[in-house]
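Colleague: The following block contains the structure, expressed as structure tokens.
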Amino acid sequence: MIRFKQRSTENELMDDLSLDEIQIRSILKDITLANKWLGGNNITIKALDRLFKEHPREKYTILDIGCGDGSMLREVADHCAENHIKTQLIGLDLNEKSINIAKESSRGYGNIRYLTQDVLALKPEKFRCDILLCTLTLHHFSREQIHTFIKKFALLATIGIIVNDLDRNKIGFALFKVFSLVFMKTHVAKHDGLVSIKSGFTKNDFHIFSRSVPSMDYKVLWRWAFRYEWILTHPNT
């Protein structure tokens with residue numbers, strides 16, 4: 001792999017909370033389209049299926065950190081409904097405008113609810129779940145913050161954590177630049193996609209992060225297109 005040596009600390013334009021809802025709607029539409037065409041959400045769905053098989057329960061509470069417009073949870077809801085798996089789904093995001101879009105887009109999904117929530121202020125007693133999802137969110141944070149998050153996530157999730165995030169890879173960067181020019185409309189999504197890749201991870205990064213929760217088992221797997229799947233589980237659950 002041809003890599004950027006260090007994670008970028010450049011800010012993403014999407015993190016600007018002053019963006020209006022019309023702008024956010026257009027940006028999230030681009031991001032959702034990219035995930036659809038590049039198969040990103042399928043990584044999380046397949047990882048969920050493995051945890052369901054390994055940890056059978058009558059019903060699962062699933063918490064999605066940094067849920068954006070809720071597209072990930074809607075895919076989870078549809079998949080679980082098709083496979084007769086009972087779920088209660090909760091999406092958290094700091095951006096209230098994104099949460100409003102998620103609520104609007106998820107009408108008809110009675111088992112999904114969304115809350116505006118700062119991840120840094122999560123309280124384990126309030127947001128306990130069976131499985132915690134974190135898709136394309138972790139790369140927004142510093143190494144120190146990630147160590148803190150993983151400790152907190154471990155307290156929230158009784159079964160485990162599924163992280164789906166980007167490989168910090170120059171080939172992926174070049175391919176995304178071409179993809180975004182052809183398929184994405186907004187400048188913010190094009191810009192942030194490239195910044196996100198430079199803020200992504202190597203396999204060794206996840207090994208280091210895993211040391212924050214030594215009591216948990218974990219696996220790190222590379223997935224197409226230039227993603228890492230990092231699953232942490234509590235033993236004997």
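Just so we're on the same page: first chain in the structure tokens is A, next is B, and so on; residues restart at 1 for each chain, and ligands are numbered from 1 in the order they show up.
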Pick out the residues sitting within 7 Å of A:Leu132, and hand them over as a PyMOL selection string; count only C-alpha atoms, and ignore anything fewer than 2 positions along from it in its own chain.
Modeller: chain A and resi 62-64+129-130+134+157+160-162
Colleague: Write to file, as a PDB file, in the first residue's frame, the residues of the selection just made, with N, CA and C atoms.
Modeller:
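Generated file (out-v3.pdb):
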```
ATOM      1  N   ILE A  62     -29.360  -1.399  18.741  1.00  0.00           N
ATOM      2  CA  ILE A  62     -28.183  -1.014  17.964  1.00  0.00           C
ATOM      3  C   ILE A  62     -28.066   0.508  17.969  1.00  0.00           C
ATOM      4  N   LEU A  63     -26.894   0.992  18.338  1.00  0.00           N
ATOM      5  CA  LEU A  63     -26.632   2.423  18.440  1.00  0.00           C
ATOM      6  C   LEU A  63     -25.666   2.833  17.342  1.00  0.00           C
ATOM      7  N   ASP A  64     -26.041   3.846  16.548  1.00  0.00           N
ATOM      8  CA  ASP A  64     -25.200   4.330  15.455  1.00  0.00           C
ATOM      9  C   ASP A  64     -24.640   5.700  15.824  1.00  0.00           C
ATOM     10  N   CYS A 129     -26.445  -0.357  24.806  1.00  0.00           N
ATOM     11  CA  CYS A 129     -26.921  -1.043  23.610  1.00  0.00           C
ATOM     12  C   CYS A 129     -26.275  -2.422  23.541  1.00  0.00           C
ATOM     13  N   ASP A 130     -26.742  -3.231  22.604  1.00  0.00           N
ATOM     14  CA  ASP A 130     -26.100  -4.521  22.358  1.00  0.00           C
ATOM     15  C   ASP A 130     -24.897  -4.356  21.430  1.00  0.00           C
ATOM     16  N   CYS A 134     -20.106   2.490  14.206  1.00  0.00           N
ATOM     17  CA  CYS A 134     -19.400   3.754  13.988  1.00  0.00           C
ATOM     18  C   CYS A 134     -18.864   3.719  12.555  1.00  0.00           C
ATOM     19  N   ALA A 157     -21.663  -0.855  24.797  1.00  0.00           N
ATOM     20  CA  ALA A 157     -22.074  -2.022  24.020  1.00  0.00           C
ATOM     21  C   ALA A 157     -21.843  -3.316  24.786  1.00  0.00           C
ATOM     22  N   GLY A 160     -20.672  -5.830  21.363  1.00  0.00           N
ATOM     23  CA  GLY A 160     -19.464  -5.347  20.711  1.00  0.00           C
ATOM     24  C   GLY A 160     -19.659  -4.103  19.871  1.00  0.00           C
ATOM     25  N   ILE A 161     -18.589  -3.754  19.187  1.00  0.00           N
ATOM     26  CA  ILE A 161     -18.484  -2.515  18.422  1.00  0.00           C
ATOM     27  C   ILE A 161     -18.066  -2.855  16.998  1.00  0.00           C
ATOM     28  N   ILE A 162     -18.719  -2.225  16.025  1.00  0.00           N
ATOM     29  CA  ILE A 162     -18.334  -2.372  14.614  1.00  0.00           C
ATOM     30  C   ILE A 162     -17.924  -1.001  14.090  1.00  0.00           C
TER      31      ILE A 162
END
```
Colleague: Need the shell around stretch 76-81 of chain A: protein/DNA/RNA residues with any atom at most 9 Å away, counting only C-alpha atoms. Skip same-chain ones fewer than 3 positions apart. Format as a list in words?
Modeller: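 In the requested form, the answer reads Thr44, Ile45, Leu48, Ser71, Met72, Leu73, His84, Ile85, Lys86, Thr87, Gln88, Leu89, Tyr109, Asn111 and Ile112 of chain A.
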Colleague: Based on the selection just made, write N, CA and C atoms of those residues as a CSV table (one decimal), in the first residue's frame.
Modeller:
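again.csv written:
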```
chain,number,residue,atom,x,y,z
A,44,THR,N,-20.7,-3.0,7.0
A,44,THR,CA,-21.3,-3.0,8.3
A,44,THR,C,-22.4,-4.1,8.4
A,45,ILE,N,-23.2,-4.2,7.4
A,45,ILE,CA,-24.3,-5.1,7.4
A,45,ILE,C,-23.8,-6.6,7.6
A,48,LEU,N,-22.5,-7.1,11.1
A,48,LEU,CA,-23.6,-7.3,12.0
A,48,LEU,C,-24.2,-8.7,11.9
A,71,SER,N,-29.0,7.0,6.8
A,71,SER,CA,-29.0,6.0,5.7
A,71,SER,C,-28.5,4.6,6.2
A,72,MET,N,-27.5,4.6,7.1
A,72,MET,CA,-27.0,3.3,7.6
A,72,MET,C,-28.0,2.6,8.4
A,73,LEU,N,-28.7,3.3,9.3
A,73,LEU,CA,-29.7,2.7,10.1
A,73,LEU,C,-30.9,2.2,9.3
A,84,HIS,N,-36.1,-11.2,9.6
A,84,HIS,CA,-36.9,-11.5,10.8
A,84,HIS,C,-36.1,-11.4,12.1
A,85,ILE,N,-35.2,-10.3,12.1
A,85,ILE,CA,-34.4,-10.0,13.3
A,85,ILE,C,-35.0,-8.8,14.0
A,86,LYS,N,-35.4,-8.9,15.2
A,86,LYS,CA,-36.0,-7.8,15.9
A,86,LYS,C,-35.0,-6.8,16.4
A,87,THR,N,-35.2,-5.5,16.1
A,87,THR,CA,-34.2,-4.5,16.5
A,87,THR,C,-34.8,-3.2,17.0
A,88,GLN,N,-34.1,-2.5,17.9
A,88,GLN,CA,-34.4,-1.2,18.2
A,88,GLN,C,-33.2,-0.4,17.9
A,89,LEU,N,-33.4,0.6,17.0
A,89,LEU,CA,-32.2,1.4,16.4
A,89,LEU,C,-32.2,2.8,16.9
A,109,TYR,N,-40.4,4.1,9.7
A,109,TYR,CA,-39.5,3.2,10.4
A,109,TYR,C,-39.8,3.3,11.9
A,111,ASN,N,-39.1,1.6,14.4
A,111,ASN,CA,-38.1,1.1,15.3
A,111,ASN,C,-36.8,1.9,15.3
A,112,ILE,N,-36.8,3.1,14.6
A,112,ILE,CA,-35.6,4.0,14.6
A,112,ILE,C,-36.0,5.3,15.3
```
Colleague: I'd like the contact shell of A:Leu120 - 9 Å cut-off, only C-alpha atoms, skipping same-chain residues fewer than 5 positions apart - returned as a ChimeraX atom specification.
Modeller: /A:145,148-149
Colleague: Next, the residues of the selection above should be written as a compact mmCIF listing (two decimals), in the first residue's frame with N, CA and C atoms.
Modeller:
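Listing of selection-v7.txt after writing:
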```txt
# COMPACT_ATOMS: atom_id res chain seq x y z
N GLN A 145 -8.56 11.44 21.26
CA GLN A 145 -10.02 11.33 21.38
C GLN A 145 -10.50 9.92 21.06
N THR A 148 -10.18 7.64 23.95
CA THR A 148 -11.24 7.94 24.91
C THR A 148 -12.57 7.34 24.46
N PHE A 149 -12.88 7.51 23.17
CA PHE A 149 -14.14 7.00 22.63
C PHE A 149 -14.24 5.49 22.78
```
Colleague: Check the smallest atom-to-atom distance from each of A:Gly70, A:Val220, A:Val213, A:Ile146 to A:Asn41 using only C-alpha atoms, then report the winner.
Modeller: A:Gly70
Colleague: Interatomic distance between atom CA of A:Ile131 and atom CA of A:Ser98?
Modeller: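 Going from atom CA of A:Ile131 over to atom CA of A:Ser98 covers 22.2 Å.
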Colleague: Within 7 Å of A:Val163, counting only C-alpha atoms, which residues qualify if same-chain residues fewer than 6 places away don't, as a compact mmCIF listing (two decimals) with N, CA and C atoms, in the first residue's frame?
Modeller:
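Contents of out_1.txt, freshly written:
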```
# COMPACT_ATOMS: atom_id res chain seq x y z
N LEU A 133 -22.42 0.88 16.34
CA LEU A 133 -21.89 1.09 15.00
C LEU A 133 -21.21 2.45 14.92
N CYS A 134 -20.11 2.49 14.21
CA CYS A 134 -19.40 3.75 13.99
C CYS A 134 -18.86 3.72 12.55
N THR A 135 -19.61 4.32 11.64
CA THR A 135 -19.29 4.25 10.21
C THR A 135 -18.84 5.62 9.71
N GLU A 229 -12.49 -2.74 8.46
CA GLU A 229 -13.54 -3.23 9.35
C GLU A 229 -12.85 -3.63 10.66
N TRP A 230 -13.20 -2.94 11.71
CA TRP A 230 -12.60 -3.19 13.03
C TRP A 230 -13.72 -3.59 13.97
N ILE A 231 -13.69 -4.84 14.40
CA ILE A 231 -14.74 -5.36 15.28
C ILE A 231 -14.14 -5.71 16.63
```
Colleague: Pick out each residue of stretch 114-204 of chain A that DSSP on the backbone tags as helix (DSSP H, G or I); I need them as a ChimeraX atom specification.
Modeller: /A:119-121,138-140,143-156,170-183,187-198,203-204
Colleague: Those selected residues, please, written with C-alpha atoms and delivered as an mmCIF file, in the first residue's frame.
Modeller:
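What ended up in selection03.cif:
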```
data_model
loop_
_atom_site.group_PDB
_atom_site.id
_atom_site.type_symbol
_atom_site.label_atom_id
_atom_site.label_comp_id
_atom_site.auth_asym_id
_atom_site.auth_seq_id
_atom_site.Cartn_x
_atom_site.Cartn_y
_atom_site.Cartn_z
ATOM 1 C CA VAL A 119 -20.175 11.930 21.255
ATOM 2 C CA LEU A 120 -17.722 13.374 23.765
ATOM 3 C CA ALA A 121 -20.545 13.666 26.312
ATOM 4 C CA LEU A 138 -13.889 7.940 13.779
ATOM 5 C CA HIS A 139 -11.552 9.663 11.320
ATOM 6 C CA HIS A 140 -12.996 13.056 12.334
ATOM 7 C CA ARG A 143 -5.763 9.824 18.244
ATOM 8 C CA GLU A 144 -6.263 10.892 21.859
ATOM 9 C CA GLN A 145 -10.021 11.331 21.380
ATOM 10 C CA ILE A 146 -10.308 7.924 19.699
ATOM 11 C CA HIS A 147 -8.673 6.211 22.679
ATOM 12 C CA THR A 148 -11.241 7.938 24.914
ATOM 13 C CA PHE A 149 -14.143 7.000 22.631
ATOM 14 C CA ILE A 150 -13.236 3.329 22.465
ATOM 15 C CA LYS A 151 -13.170 3.072 26.251
ATOM 16 C CA LYS A 152 -16.588 4.710 26.375
ATOM 17 C CA PHE A 153 -17.965 2.615 23.508
ATOM 18 C CA ALA A 154 -16.873 -0.533 25.373
ATOM 19 C CA LEU A 155 -19.042 0.527 28.316
ATOM 20 C CA LEU A 156 -22.031 1.205 26.043
ATOM 21 C CA LYS A 170 -2.781 7.253 -1.869
ATOM 22 C CA ILE A 171 -4.294 4.911 -4.451
ATOM 23 C CA GLY A 172 -7.707 5.203 -2.796
ATOM 24 C CA PHE A 173 -7.209 8.984 -2.713
ATOM 25 C CA ALA A 174 -6.534 9.122 -6.476
ATOM 26 C CA LEU A 175 -9.464 6.820 -7.313
ATOM 27 C CA PHE A 176 -11.858 8.823 -5.132
ATOM 28 C CA LYS A 177 -10.759 12.051 -6.833
ATOM 29 C CA VAL A 178 -11.846 10.591 -10.192
ATOM 30 C CA PHE A 179 -15.054 9.108 -8.730
ATOM 31 C CA SER A 180 -16.053 12.383 -7.096
ATOM 32 C CA LEU A 181 -15.487 14.392 -10.260
ATOM 33 C CA VAL A 182 -17.863 12.115 -12.151
ATOM 34 C CA PHE A 183 -20.519 11.213 -9.584
ATOM 35 C CA HIS A 187 -17.768 20.909 -3.573
ATOM 36 C CA VAL A 188 -17.972 20.091 0.142
ATOM 37 C CA ALA A 189 -18.462 16.346 -0.423
ATOM 38 C CA LYS A 190 -15.617 16.241 -2.955
ATOM 39 C CA HIS A 191 -13.296 18.194 -0.659
ATOM 40 C CA ASP A 192 -14.222 16.314 2.513
ATOM 41 C CA GLY A 193 -13.942 12.917 0.870
ATOM 42 C CA LEU A 194 -10.300 13.592 0.054
ATOM 43 C CA VAL A 195 -9.589 15.053 3.496
ATOM 44 C CA SER A 196 -11.273 12.011 5.067
ATOM 45 C CA ILE A 197 -8.971 9.605 3.246
ATOM 46 C CA LYS A 198 -5.923 11.554 4.431
ATOM 47 C CA LYS A 203 -4.132 -1.505 10.182
ATOM 48 C CA ASN A 204 -1.533 -0.785 12.842
#
```
